[in-house]
>>> print(open('coords_39.pdb').read())   # PDB, C-alpha atoms
ATOM      1  CA  MET F  15     -81.661 -22.671 -10.609
ATOM      2  CA  THR F  16     -78.192 -21.372  -9.671
ATOM      3  CA  ALA F  17     -78.111 -19.630  -6.305
ATOM      4  CA  ALA F  18     -77.596 -15.858  -6.329
ATOM      5  CA  VAL F  19     -74.086 -14.727  -5.469
ATOM      6  CA  ASP F  20     -72.585 -11.850  -3.524
ATOM      7  CA  VAL F  21     -70.160  -9.520  -5.281
ATOM      8  CA  ALA F  22     -67.503  -7.285  -3.682
ATOM      9  CA  VAL F  23     -65.769  -4.582  -5.706
ATOM     10  CA  ASP F  24     -62.586  -2.672  -4.885
ATOM     11  CA  GLY F  25     -62.671   0.142  -7.430
ATOM     12  CA  GLY F  26     -59.393   1.988  -7.775
ATOM     13  CA  GLN F  27     -57.862   4.196 -10.437
ATOM     14  CA  THR F  28     -55.147   1.726 -11.391
ATOM     15  CA  GLY F  29     -57.169  -1.465 -11.079
ATOM     16  CA  ILE F  30     -60.639  -2.751 -10.229
ATOM     17  CA  ARG F  31     -60.882  -6.048  -8.371
ATOM     18  CA  VAL F  32     -64.068  -8.095  -8.164
ATOM     19  CA  ARG F  33     -64.673 -11.021  -5.809
ATOM     20  CA  VAL F  34     -67.681 -13.324  -6.211
ATOM     21  CA  THR F  35     -69.131 -16.100  -4.069
ATOM     22  CA  GLY F  36     -67.496 -19.399  -4.955
ATOM     23  CA  ALA F  37     -64.655 -17.944  -7.043
ATOM     24  CA  ALA F  38     -61.176 -18.926  -5.920
ATOM     25  CA  GLU F  39     -59.529 -15.624  -6.855
ATOM     26  CA  PRO F  40     -60.707 -12.074  -7.601
ATOM     27  CA  VAL F  41     -60.852 -10.912 -11.218
ATOM     28  CA  VAL F  42     -58.879  -7.745 -12.018
ATOM     29  CA  VAL F  43     -59.357  -5.217 -14.838
ATOM     30  CA  GLU F  44     -57.963  -1.728 -15.447
ATOM     31  CA  GLY F  45     -59.141   0.985 -13.092
ATOM     32  CA  LEU F  46     -61.236   4.080 -13.625
ATOM     33  CA  GLY F  47     -60.453   7.748 -12.988
ATOM     34  CA  ARG F  48     -62.755  10.713 -12.649
ATOM     35  CA  LEU F  49     -61.711  12.202 -15.981
ATOM     36  CA  GLU F  50     -62.533   9.072 -17.987
ATOM     37  CA  GLY F  51     -66.030   9.852 -19.196
ATOM     38  CA  ASP F  52     -69.265   8.576 -17.642
ATOM     39  CA  LEU F  53     -68.176   6.949 -14.384
ATOM     40  CA  GLY F  54     -71.316   4.885 -14.059
ATOM     41  CA  GLU F  55     -71.023   3.504 -17.556
ATOM     42  CA  GLY F  56     -67.319   2.807 -17.130
ATOM     43  CA  LEU F  57     -67.852   1.061 -13.804
ATOM     44  CA  ILE F  58     -70.684  -1.105 -15.123
ATOM     45  CA  ASP F  59     -68.579  -2.087 -18.145
ATOM     46  CA  ARG F  60     -65.610  -3.111 -16.015
ATOM     47  CA  ILE F  61     -67.671  -5.090 -13.496
ATOM     48  CA  ARG F  62     -69.519  -6.828 -16.325
ATOM     49  CA  ARG F  63     -66.205  -7.781 -17.926
ATOM     50  CA  CYS F  64     -65.082  -9.312 -14.632
ATOM     51  CA  LEU F  65     -68.307 -11.254 -14.204
ATOM     52  CA  THR F  66     -68.199 -12.684 -17.725
ATOM     53  CA  HIS F  67     -64.971 -14.489 -16.744
ATOM     54  CA  LEU F  68     -67.011 -16.667 -14.377
ATOM     55  CA  PRO F  69     -68.110 -20.151 -15.451
ATOM     56  CA  GLY F  70     -71.610 -19.781 -16.871
ATOM     57  CA  GLY F  71     -71.301 -16.039 -17.394
ATOM     58  CA  ILE F  72     -72.915 -13.251 -15.376
ATOM     59  CA  PRO F  73     -74.711 -14.767 -12.366
ATOM     60  CA  ALA F  74     -77.775 -13.616 -10.473
ATOM     61  CA  ILE F  75     -76.564 -11.173  -7.816
ATOM     62  CA  ARG F  76     -77.991 -11.025  -4.300
ATOM     63  CA  HIS F  77     -75.940  -8.174  -2.877
ATOM     64  CA  MET F  78     -73.109  -6.070  -4.291
ATOM     65  CA  VAL F  79     -70.819  -3.764  -2.288
ATOM     66  CA  LEU F  80     -68.643  -1.275  -4.150
ATOM     67  CA  GLY F  81     -65.785   0.540  -2.438
ATOM     68  CA  LEU F  82     -64.857   3.298  -4.863
ATOM     69  CA  THR F  83     -62.079   5.825  -5.256
ATOM     70  CA  THR F  84     -64.436   7.668  -7.618
ATOM     71  CA  LEU F  85     -67.432   7.749  -5.260
ATOM     72  CA  PRO F  86     -69.713  10.664  -6.233
ATOM     73  CA  ALA F  87     -69.784  13.611  -3.842
ATOM     74  CA  SER F  88     -73.534  14.030  -3.297
ATOM     75  CA  SER F  89     -75.961  11.543  -1.787
ATOM     76  CA  SER F  90     -78.284  11.849  -4.787
ATOM     77  CA  GLU F  91     -75.441  10.988  -7.179
ATOM     78  CA  ARG F  92     -74.462   8.017  -5.028
ATOM     79  CA  GLU F  93     -78.050   6.797  -5.004
ATOM     80  CA  GLU F  94     -78.232   7.160  -8.768
ATOM     81  CA  LEU F  95     -74.983   5.239  -9.218
ATOM     82  CA  ALA F  96     -76.146   2.379  -6.987
ATOM     83  CA  ALA F  97     -79.409   2.160  -8.923
ATOM     84  CA  ARG F  98     -77.657   2.243 -12.321
ATOM     85  CA  VAL F  99     -75.290  -0.545 -11.345
ATOM     86  CA  GLY F 100     -78.062  -2.628  -9.812
ATOM     87  CA  LEU F 101     -80.403  -2.323 -12.772
ATOM     88  CA  ALA F 102     -77.668  -2.889 -15.362
ATOM     89  CA  LEU F 103     -76.308  -6.013 -13.672
ATOM     90  CA  GLY F 104     -79.569  -7.397 -12.316
ATOM     91  CA  ALA F 105     -78.655  -7.167  -8.636
ATOM     92  CA  GLU F 106     -81.200  -7.420  -5.853
ATOM     93  CA  ARG F 107     -79.264  -4.959  -3.715
ATOM     94  CA  VAL F 108     -76.322  -2.588  -4.190
ATOM     95  CA  SER F 109     -74.348  -0.649  -1.561
ATOM     96  CA  VAL F 110     -71.712   1.947  -2.454
ATOM     97  CA  ALA F 111     -69.087   3.518  -0.208
ATOM     98  CA  ALA F 112     -65.762   5.293  -0.343
ATOM     99  CA  ASP F 113     -62.803   2.964  -0.719
ATOM    100  CA  ALA F 114     -61.500   4.400   2.556
ATOM    101  CA  LEU F 115     -64.484   2.821   4.330
ATOM    102  CA  THR F 116     -63.957  -0.616   2.805
ATOM    103  CA  ALA F 117     -60.252  -0.310   3.601
ATOM    104  CA  HIS F 118     -61.115   0.318   7.260
ATOM    105  CA  ALA F 119     -63.532  -2.611   7.321
ATOM    106  CA  GLY F 120     -60.789  -4.826   5.953
ATOM    107  CA  ALA F 121     -58.104  -3.577   8.302
ATOM    108  CA  PHE F 122     -60.022  -3.273  11.581
ATOM    109  CA  SER F 123     -63.383  -5.070  11.168
ATOM    110  CA  GLY F 124     -65.301  -2.278  12.869
ATOM    111  CA  ALA F 125     -62.791  -1.519  15.647
ATOM    112  CA  ALA F 126     -61.417   1.987  16.115
ATOM    113  CA  GLY F 127     -58.407   3.116  14.145
ATOM    114  CA  VAL F 128     -57.022   4.956  11.142
ATOM    115  CA  VAL F 129     -56.426   3.390   7.748
ATOM    116  CA  LEU F 130     -54.152   5.046   5.207
ATOM    117  CA  THR F 131     -54.395   3.552   1.731
ATOM    118  CA  VAL F 132     -51.776   4.639  -0.791
ATOM    119  CA  GLY F 133     -52.378   3.854  -4.446
ATOM    120  CA  THR F 134     -52.712   6.059  -7.512
ATOM    121  CA  GLY F 135     -54.394   8.458  -5.083
ATOM    122  CA  ILE F 136     -54.849   8.138  -1.353
ATOM    123  CA  ALA F 137     -57.712   7.258   0.932
ATOM    124  CA  CYS F 138     -57.494   7.952   4.655
ATOM    125  CA  ILE F 139     -60.173   7.424   7.267
ATOM    126  CA  GLY F 140     -60.347   7.783  11.014
ATOM    127  CA  PHE F 141     -63.228   5.747  12.446
ATOM    128  CA  ASP F 142     -64.337   5.076  16.004
ATOM    129  CA  PRO F 143     -67.805   3.510  16.311
ATOM    130  CA  GLY F 144     -67.702   3.864  20.094
ATOM    131  CA  VAL F 145     -67.975   7.655  19.882
ATOM    132  CA  ASP F 146     -69.381   7.923  16.347
ATOM    133  CA  GLY F 147     -66.058   9.336  15.202
ATOM    134  CA  PHE F 148     -65.693   9.494  11.427
ATOM    135  CA  ARG F 149     -63.320  11.582   9.337
ATOM    136  CA  LEU F 150     -62.098  11.301   5.747
ATOM    137  CA  VAL F 151     -58.883  13.225   5.124
ATOM    138  CA  ASP F 152     -57.473  14.288   1.748
ATOM    139  CA  GLY F 153     -58.347  11.883  -1.067
ATOM    140  CA  ASP F 154     -59.005  15.105  -2.977
ATOM    141  CA  GLY F 155     -57.697  13.851  -6.308
ATOM    142  CA  PHE F 156     -54.529  14.539  -8.255
ATOM    143  CA  LEU F 157     -55.489  18.120  -9.156
ATOM    144  CA  LEU F 158     -56.033  19.299  -5.575
ATOM    145  CA  GLY F 159     -54.628  16.761  -3.155
ATOM    146  CA  ASP F 160     -53.691  13.090  -2.765
ATOM    147  CA  ALA F 161     -50.437  14.297  -1.211
ATOM    148  CA  GLY F 162     -47.917  11.473  -0.984
ATOM    149  CA  SER F 163     -49.835   9.230  -3.376
ATOM    150  CA  GLY F 164     -48.519   7.190  -6.290
ATOM    151  CA  PHE F 165     -49.332   9.997  -8.710
ATOM    152  CA  TRP F 166     -47.800  12.586  -6.374
ATOM    153  CA  ILE F 167     -44.574  10.583  -6.145
ATOM    154  CA  GLY F 168     -44.519   9.556  -9.797
ATOM    155  CA  SER F 169     -45.128  13.061 -11.117
ATOM    156  CA  ARG F 170     -42.297  14.465  -9.018
ATOM    157  CA  GLY F 171     -40.032  11.703 -10.265
ATOM    158  CA  VAL F 172     -40.817  12.505 -13.892
ATOM    159  CA  GLU F 173     -40.382  16.216 -13.176
ATOM    160  CA  ALA F 174     -36.947  15.518 -11.707
ATOM    161  CA  ALA F 175     -35.933  13.675 -14.867
ATOM    162  CA  LEU F 176     -37.166  16.522 -17.058
ATOM    163  CA  ARG F 177     -35.352  19.106 -14.956
ATOM    164  CA  ALA F 178     -32.121  17.133 -15.165
ATOM    165  CA  ALA F 179     -32.505  16.774 -18.935
ATOM    166  CA  ASP F 180     -32.775  20.512 -19.566
ATOM    167  CA  GLY F 181     -30.124  21.547 -17.062
ATOM    168  CA  ARG F 182     -32.301  22.968 -14.299
ATOM    169  CA  SER F 183     -30.981  20.437 -11.775
ATOM    170  CA  GLY F 184     -28.236  17.884 -11.304
ATOM    171  CA  PRO F 185     -28.129  14.261 -12.432
ATOM    172  CA  THR F 186     -30.351  11.551 -10.982
ATOM    173  CA  SER F 187     -30.861   7.869 -11.684
ATOM    174  CA  LEU F 188     -34.520   8.731 -12.229
ATOM    175  CA  SER F 189     -33.525   9.906 -15.712
ATOM    176  CA  GLU F 190     -32.638   6.391 -16.827
ATOM    177  CA  ALA F 191     -35.669   4.926 -15.053
ATOM    178  CA  CYS F 192     -37.904   7.437 -16.828
ATOM    179  CA  ARG F 193     -36.382   6.594 -20.221
ATOM    180  CA  ALA F 194     -36.871   2.878 -19.553
ATOM    181  CA  ARG F 195     -40.557   3.343 -18.774
ATOM    182  CA  PHE F 196     -41.604   6.227 -21.052
ATOM    183  CA  GLY F 197     -38.901   6.669 -23.715
ATOM    184  CA  VAL F 198     -36.466   9.506 -24.412
ATOM    185  CA  GLU F 199     -36.934  12.896 -22.758
ATOM    186  CA  ALA F 200     -37.496  14.699 -26.070
ATOM    187  CA  GLY F 201     -41.243  15.217 -26.319
ATOM    188  CA  LEU F 202     -41.850  13.281 -23.087
ATOM    189  CA  ALA F 203     -44.182  15.828 -21.500
ATOM    190  CA  ALA F 204     -46.371  15.987 -24.601
ATOM    191  CA  ARG F 205     -46.489  12.171 -24.824
ATOM    192  CA  LEU F 206     -47.501  11.812 -21.192
ATOM    193  CA  HIS F 207     -50.242  14.420 -21.485
ATOM    194  CA  SER F 208     -51.573  12.576 -24.540
ATOM    195  CA  LEU F 209     -51.752   9.107 -22.977
ATOM    196  CA  PRO F 210     -55.222   7.507 -22.709
ATOM    197  CA  ARG F 211     -54.799   7.186 -18.915
ATOM    198  CA  PRO F 212     -52.057   9.673 -17.959
ATOM    199  CA  VAL F 213     -52.764   9.739 -14.220
ATOM    200  CA  ALA F 214     -52.462   5.965 -13.835
ATOM    201  CA  SER F 215     -49.402   5.871 -16.120
ATOM    202  CA  ILE F 216     -47.545   8.549 -14.163
ATOM    203  CA  ALA F 217     -48.554   6.946 -10.853
ATOM    204  CA  ALA F 218     -46.933   3.710 -12.028
ATOM    205  CA  PHE F 219     -43.582   5.537 -12.052
ATOM    206  CA  ALA F 220     -43.789   5.789  -8.258
ATOM    207  CA  VAL F 221     -42.458   2.232  -8.098
ATOM    208  CA  ASP F 222     -39.352   3.371  -9.996
ATOM    209  CA  VAL F 223     -38.923   6.319  -7.629
ATOM    210  CA  LEU F 224     -39.054   3.985  -4.625
ATOM    211  CA  ASP F 225     -36.547   1.662  -6.305
ATOM    212  CA  ALA F 226     -34.216   4.616  -6.912
ATOM    213  CA  ALA F 227     -34.576   5.661  -3.273
ATOM    214  CA  ARG F 228     -33.723   2.131  -2.193
ATOM    215  CA  GLY F 229     -30.605   2.440  -4.342
ATOM    216  CA  GLY F 230     -29.584   5.660  -2.579
ATOM    217  CA  ASP F 231     -30.476   8.253  -5.232
ATOM    218  CA  ALA F 232     -30.593  11.593  -3.390
ATOM    219  CA  VAL F 233     -33.395  13.065  -5.497
ATOM    220  CA  ALA F 234     -35.599   9.998  -5.066
ATOM    221  CA  LEU F 235     -34.869   9.889  -1.333
ATOM    222  CA  ALA F 236     -35.992  13.509  -1.009
ATOM    223  CA  ILE F 237     -39.249  12.764  -2.856
ATOM    224  CA  VAL F 238     -39.974   9.771  -0.633
ATOM    225  CA  ASP F 239     -39.100  11.765   2.488
ATOM    226  CA  GLU F 240     -41.526  14.536   1.548
ATOM    227  CA  ALA F 241     -44.231  12.000   0.641
ATOM    228  CA  ALA F 242     -43.872  10.419   4.079
ATOM    229  CA  ASP F 243     -44.239  13.839   5.723
ATOM    230  CA  GLU F 244     -47.461  14.472   3.801
ATOM    231  CA  LEU F 245     -48.919  11.039   4.557
ATOM    232  CA  ALA F 246     -48.021  11.329   8.237
ATOM    233  CA  ARG F 247     -49.858  14.666   8.436
ATOM    234  CA  THR F 248     -52.887  13.072   6.805
ATOM    235  CA  ALA F 249     -52.929  10.135   9.209
ATOM    236  CA  ARG F 250     -52.529  12.413  12.231
ATOM    237  CA  ALA F 251     -55.453  14.562  11.086
ATOM    238  CA  ALA F 252     -57.653  11.476  10.712
ATOM    239  CA  SER F 253     -56.636  10.215  14.165
ATOM    240  CA  ALA F 254     -58.277  13.210  15.863
ATOM    241  CA  VAL F 255     -61.701  11.498  15.834
ATOM    242  CA  VAL F 256     -60.449   8.272  17.458
ATOM    243  CA  SER F 257     -60.856   8.121  21.231
ATOM    244  CA  THR F 258     -58.698   5.078  22.027
ATOM    245  CA  ARG F 259     -54.994   5.511  22.818
ATOM    246  CA  PRO F 260     -52.670   4.839  21.238
ATOM    247  CA  VAL F 261     -54.501   5.315  17.959
ATOM    248  CA  ARG F 262     -53.755   2.387  15.692
ATOM    249  CA  ILE F 263     -52.775   3.335  12.130
ATOM    250  CA  ALA F 264     -52.883   0.624   9.495
ATOM    251  CA  MET F 265     -51.595   1.033   5.967
ATOM    252  CA  SER F 266     -52.705  -0.533   2.723
ATOM    253  CA  GLY F 267     -51.285  -0.487  -0.793
ATOM    254  CA  ARG F 268     -48.196  -1.741  -2.593
ATOM    255  CA  LEU F 269     -46.268   1.510  -2.103
ATOM    256  CA  VAL F 270     -46.476   1.161   1.690
ATOM    257  CA  ALA F 271     -46.002  -2.604   1.872
ATOM    258  CA  PRO F 272     -43.549  -3.796   4.546
ATOM    259  CA  GLY F 273     -39.969  -3.299   3.408
ATOM    260  CA  THR F 274     -40.619  -0.400   1.036
ATOM    261  CA  PRO F 275     -38.734   2.875   1.593
ATOM    262  CA  LEU F 276     -42.000   4.783   2.019
ATOM    263  CA  ARG F 277     -43.247   2.353   4.672
ATOM    264  CA  ALA F 278     -39.937   2.623   6.513
ATOM    265  CA  GLN F 279     -40.129   6.410   6.506
ATOM    266  CA  LEU F 280     -43.691   6.366   7.846
ATOM    267  CA  GLU F 281     -42.812   3.873  10.562
ATOM    268  CA  ALA F 282     -39.951   6.143  11.618
ATOM    269  CA  ARG F 283     -42.317   9.110  11.944
ATOM    270  CA  PHE F 284     -44.559   7.249  14.380
ATOM    271  CA  ALA F 285     -41.896   5.237  16.206
ATOM    272  CA  HIS F 286     -41.760   7.694  19.133
ATOM    273  CA  ASP F 287     -45.311   9.048  18.954
ATOM    274  CA  GLY F 288     -46.943   8.083  22.236
ATOM    275  CA  GLU F 289     -50.409   8.943  20.891
ATOM    276  CA  ARG F 290     -50.294   6.806  17.741
ATOM    277  CA  GLU F 291     -48.723   3.563  16.538
ATOM    278  CA  ILE F 292     -48.434   1.658  13.274
ATOM    279  CA  ALA F 293     -50.530  -1.501  13.406
ATOM    280  CA  PRO F 294     -50.861  -4.424  10.994
ATOM    281  CA  ALA F 295     -53.927  -4.455   8.752
ATOM    282  CA  ALA F 296     -55.981  -7.635   9.080
ATOM    283  CA  GLY F 297     -57.079  -7.317   5.452
ATOM    284  CA  ASP F 298     -57.228  -5.002   2.450
ATOM    285  CA  PRO F 299     -60.081  -2.961   0.887
ATOM    286  CA  LEU F 300     -61.396  -5.945  -1.078
ATOM    287  CA  ASP F 301     -61.487  -7.994   2.133
ATOM    288  CA  GLY F 302     -63.446  -5.139   3.694
ATOM    289  CA  ALA F 303     -65.932  -4.984   0.826
ATOM    290  CA  TRP F 304     -66.360  -8.747   1.099
ATOM    291  CA  ALA F 305     -67.012  -8.583   4.855
ATOM    292  CA  LEU F 306     -69.613  -5.866   4.227
ATOM    293  CA  VAL F 307     -71.351  -7.692   1.394
ATOM    294  CA  THR F 308     -71.526 -10.920   3.382
ATOM    295  CA  GLU F 309     -72.737  -8.946   6.415
ATOM    296  CA  THR F 310     -70.215 -10.338   8.899
ATOM    297  CA  LEU F 311     -69.473  -6.991  10.596
ATOM    298  CA  GLY F 312     -72.893  -6.058  11.897
ATOM    299  CA  ASP F 313     -74.118  -2.514  11.277
ATOM    300  CA  ALA F 314     -71.007  -0.519  12.302
ATOM    301  CA  TYR F 315     -70.497   0.860   8.793
ATOM    302  CA  ASP F 316     -74.066   0.870   7.477
ATOM    303  CA  HIS F 317     -74.935   4.547   7.925
ATOM    304  CA  HIS F 318     -71.808   5.576   6.006
ATOM    305  CA  MET F 319     -72.936   3.650   2.927
ATOM    306  CA  THR F 320     -75.564   4.378   0.287
ATOM    307  CA  GLY F 321     -77.903   1.559  -0.667
ATOM    308  CA  TRP F 322     -80.380   0.582  -3.377
ATOM    309  CA  ARG F 323     -82.805  -2.326  -3.589
ATOM    310  CA  ALA F 324     -84.552  -3.666  -6.661
ATOM    311  CA  PRO F 325     -88.210  -2.568  -6.766
TER     312      PRO F 325
END
>>> encode(input="coords_39.pdb", output="structure tokens")
Amino acid sequence: MTAAVDVAVDGGQTGIRVRVTGAAEPVVVEGLGRLEGDLGEGLIDRIRRCLTHLPGGIPAIRHMVLGLTTLPASSSEREELAARVGLALGAERVSVAADALTAHAGAFSGAAGVVLTVGTGIACIGFDPGVDGFRLVDGDGFLLGDAGSGFWIGSRGVEAALRAADGRSGPTSLSEACRARFGVEAGLAARLHSLPRPVASIAAFAVDVLDAARGGDAVALAIVDEAADELARTARAASAVVSTRPVRIAMSGRLVAPGTPLRAQLEARFAHDGEREIAPAAGDPLDGAWALVTETLGDAYDHHMTGWRAP
């Protein structure tokens, strides 16, 4: 009989990554947003599709940890989700948590600090196990928050192109970038609203905005500058629960990778902050989910997760 495997899931809106015991690389499928129907059903479908790529098909699962952007708000809903996933995929045990928590586990392995993850949305957590400090900041979704996120940046970039097209503002290189990605401006707004996954599609334009900023476009630079202000405020708010000084702030996500304009702007905002400093992340959210599923971090994060066991 094949031994049961552990499964770690990093569930974002743009992509879902799944790592399994013995597999050389994670499997990646498209992500899942809150407006895309039954979240449980969608999540189960995507994880199943990842697992079927394994030699021999879907394995027996010992423990599964899911770090989710779309984590349900209430404890009862989280318990229901864990049970649905476990029963559908035949797992012995399932633990679910916010992706901010798995990001922190990956970056700091249980030590105190703040992790700011910038993707389609954002996830930011301040965590200090020494004083039981725990705070999630923003991550409120594209309708109400996620200030400075990929969608936030991308939507402002598209808006700038639309404003330039109809004469409400001056020229910007974002116009050509927008045409290259989405087509001509005529009917663009209607096309974007009608896309199957509009939030993820618009968030993808953030890369073009950062490229335009790197090229010196004034409009793109202003968008990136404002995004950095918003993200810095978020990180500072999360740092209030951390007792150690200076508070270490790690960042995760392609938009804040070293060398990007947004990363440079954030580093500048904390360069002379005696209370906080930018620190390297030891790993990413999938690394954190893997450390939690393989139980290498002790119990530092356990009471911030929701679990289910097969009856």
>>> closest_residue(input="coords_39.pdb", among="F:His67, F:His118, F:Arg211, F:Arg228", to="Ser187 (chain F)", atoms="only C-alpha atoms")
F:Arg228
>>> closest_residue(input="coords_39.pdb", among="F:Pro260, F:Pro86, F:Gly312, F:Pro210", to="Arg290 (chain F)", atoms="all atoms listed in the file")
F:Pro260
>>> resolve_selection(input="coords_39.pdb", expression="the PyMOL selection byres ((chain F and resi 105) around 12)", output="PyMOL selection string")
chain F and resi 18-21+58+62+72-79+96-104+106-109+321-325
>>> residues_around(input="coords_39.pdb", residues="Glu173 (chain F)", least_positions_apart="6", cutoff="10 Å", atoms="only C-alpha atoms", output="list in words")
Ile167, Ala179, Leu188, Ser189, Cys192 and Ala203 of chain F
>>> axis_aligned_box(input="coords_39.pdb", around="region 217-226 of chain F", padding_each_side="4 Å", output="JSON")
{"center_x": -41.4, "center_y": 4.3, "center_z": -8.3, "size_x": 22.3, "size_y": 13.3, "size_z": 15.4}
>>> closest_residue(input="coords_39.pdb", among="F:Ile263, F:Val255, F:Val307, F:Ala220", to="Val34 (chain F)", atoms="all atoms listed in the file")
F:Val307
>>> closest_residue(input="coords_39.pdb", among="F:Arg277, F:Arg149, F:Arg48, F:Arg63", to="Gly162 (chain F)", atoms="only C-alpha atoms")
F:Arg277
>>> atom_distance(input="coords_39.pdb", atom1="CA of Gly56 (chain F)", atom2="CA of Val110 (chain F)")
15.3 Å
>>> closest_residue(input="coords_39.pdb", among="F:Glu94, F:Glu190, F:Glu50, F:Asp142", to="Asp231 (chain F)", atoms="all atoms listed in the file")
F:Glu190
>>> closest_residue(input="coords_39.pdb", among="F:Gly127, F:Ile30, F:Ala254, F:Gly273", to="Ala293 (chain F)", atoms="all atoms listed in the file")
F:Gly127
>>> atom_distance(input="coords_39.pdb", atom1="CA of Cys64 (chain F)", atom2="CA of Val41 (chain F)")
5.7 Å
>>> resolve_selection(input="coords_39.pdb", expression="the PyMOL selection byres ((chain F and resi 129) around 12)", output="ChimeraX atom specification")
/F:113-128,130-132,136-142,148-151,245-246,248-253,256,261-267,270,291-299,302
>>> residues_around(input="coords_39.pdb", residues="Ala227 (chain F)", least_positions_apart="6", cutoff="12 Å", atoms="all atoms listed in the file", output="ChimeraX atom specification")
/F:167,171,186-188,191,220-221,233-239,274-276,278-279
>>> atom_distance(input="coords_39.pdb", atom1="CA of Asp243 (chain F)", atom2="CA of Ala161 (chain F)")
9.3 Å
>>> residues_around(input="coords_39.pdb", residues="Leu300 (chain F)", least_positions_apart="2", cutoff="7 Å", atoms="all atoms listed in the file", output="list in words")
Ala22, Val23, Asp24, Asp298, Gly302, Ala303 and Trp304 of chain F
>>> residues_around(input="coords_39.pdb", residues="Leu82 (chain F)", least_positions_apart="2", cutoff="7 Å", atoms="all atoms listed in the file", output="VMD selection string")
chain F and resid 24 to 26 80 84 to 85 111 to 113
>>> resolve_selection(input="coords_39.pdb", expression="the PyMOL selection byres ((chain F and resi 215) around 10)", output="ChimeraX atom specification")
/F:28,134,164-165,168-169,195-196,206,209-214,216-220
>>> build_atoms(input="coords_39.pdb", residues="region 113-124 of chain F", atoms="N, CA, C and O atoms", output="CSV table (one decimal), in the frame of the given file")
chain,number,residue,atom,x,y,z
F,113,ASP,N,-63.8,4.0,-0.9
F,113,ASP,CA,-62.8,3.0,-0.7
F,113,ASP,C,-62.1,3.1,0.6
F,113,ASP,O,-61.6,2.1,1.2
F,114,ALA,N,-62.1,4.3,1.2
F,114,ALA,CA,-61.5,4.4,2.6
F,114,ALA,C,-62.3,3.6,3.6
F,114,ALA,O,-61.7,3.0,4.5
F,115,LEU,N,-63.6,3.6,3.4
F,115,LEU,CA,-64.5,2.8,4.3
F,115,LEU,C,-64.2,1.3,4.2
F,115,LEU,O,-64.1,0.6,5.2
F,116,THR,N,-64.2,0.8,3.0
F,116,THR,CA,-64.0,-0.6,2.8
F,116,THR,C,-62.5,-1.0,3.3
F,116,THR,O,-62.3,-2.1,3.8
F,117,ALA,N,-61.6,-0.1,3.1
F,117,ALA,CA,-60.3,-0.3,3.6
F,117,ALA,C,-60.3,-0.5,5.1
F,117,ALA,O,-59.6,-1.3,5.7
F,118,HIS,N,-61.0,0.4,5.8
F,118,HIS,CA,-61.1,0.3,7.3
F,118,HIS,C,-61.8,-1.0,7.7
F,118,HIS,O,-61.3,-1.6,8.6
F,119,ALA,N,-62.9,-1.4,7.0
F,119,ALA,CA,-63.5,-2.6,7.3
F,119,ALA,C,-62.6,-3.8,7.2
F,119,ALA,O,-62.6,-4.7,8.0
F,120,GLY,N,-61.7,-3.7,6.1
F,120,GLY,CA,-60.8,-4.8,6.0
F,120,GLY,C,-59.7,-4.8,7.0
F,120,GLY,O,-59.3,-5.9,7.5
F,121,ALA,N,-59.2,-3.7,7.4
F,121,ALA,CA,-58.1,-3.6,8.3
F,121,ALA,C,-58.5,-3.8,9.7
F,121,ALA,O,-57.8,-4.5,10.5
F,122,PHE,N,-59.7,-3.3,10.2
F,122,PHE,CA,-60.0,-3.3,11.6
F,122,PHE,C,-61.3,-3.9,11.9
F,122,PHE,O,-61.7,-4.0,13.1
F,123,SER,N,-62.1,-4.3,10.9
F,123,SER,CA,-63.4,-5.1,11.2
F,123,SER,C,-64.3,-4.4,12.1
F,123,SER,O,-65.0,-5.0,13.0
F,124,GLY,N,-64.4,-3.0,12.0
F,124,GLY,CA,-65.3,-2.3,12.9
F,124,GLY,C,-64.7,-1.7,14.1
F,124,GLY,O,-65.3,-0.9,14.8
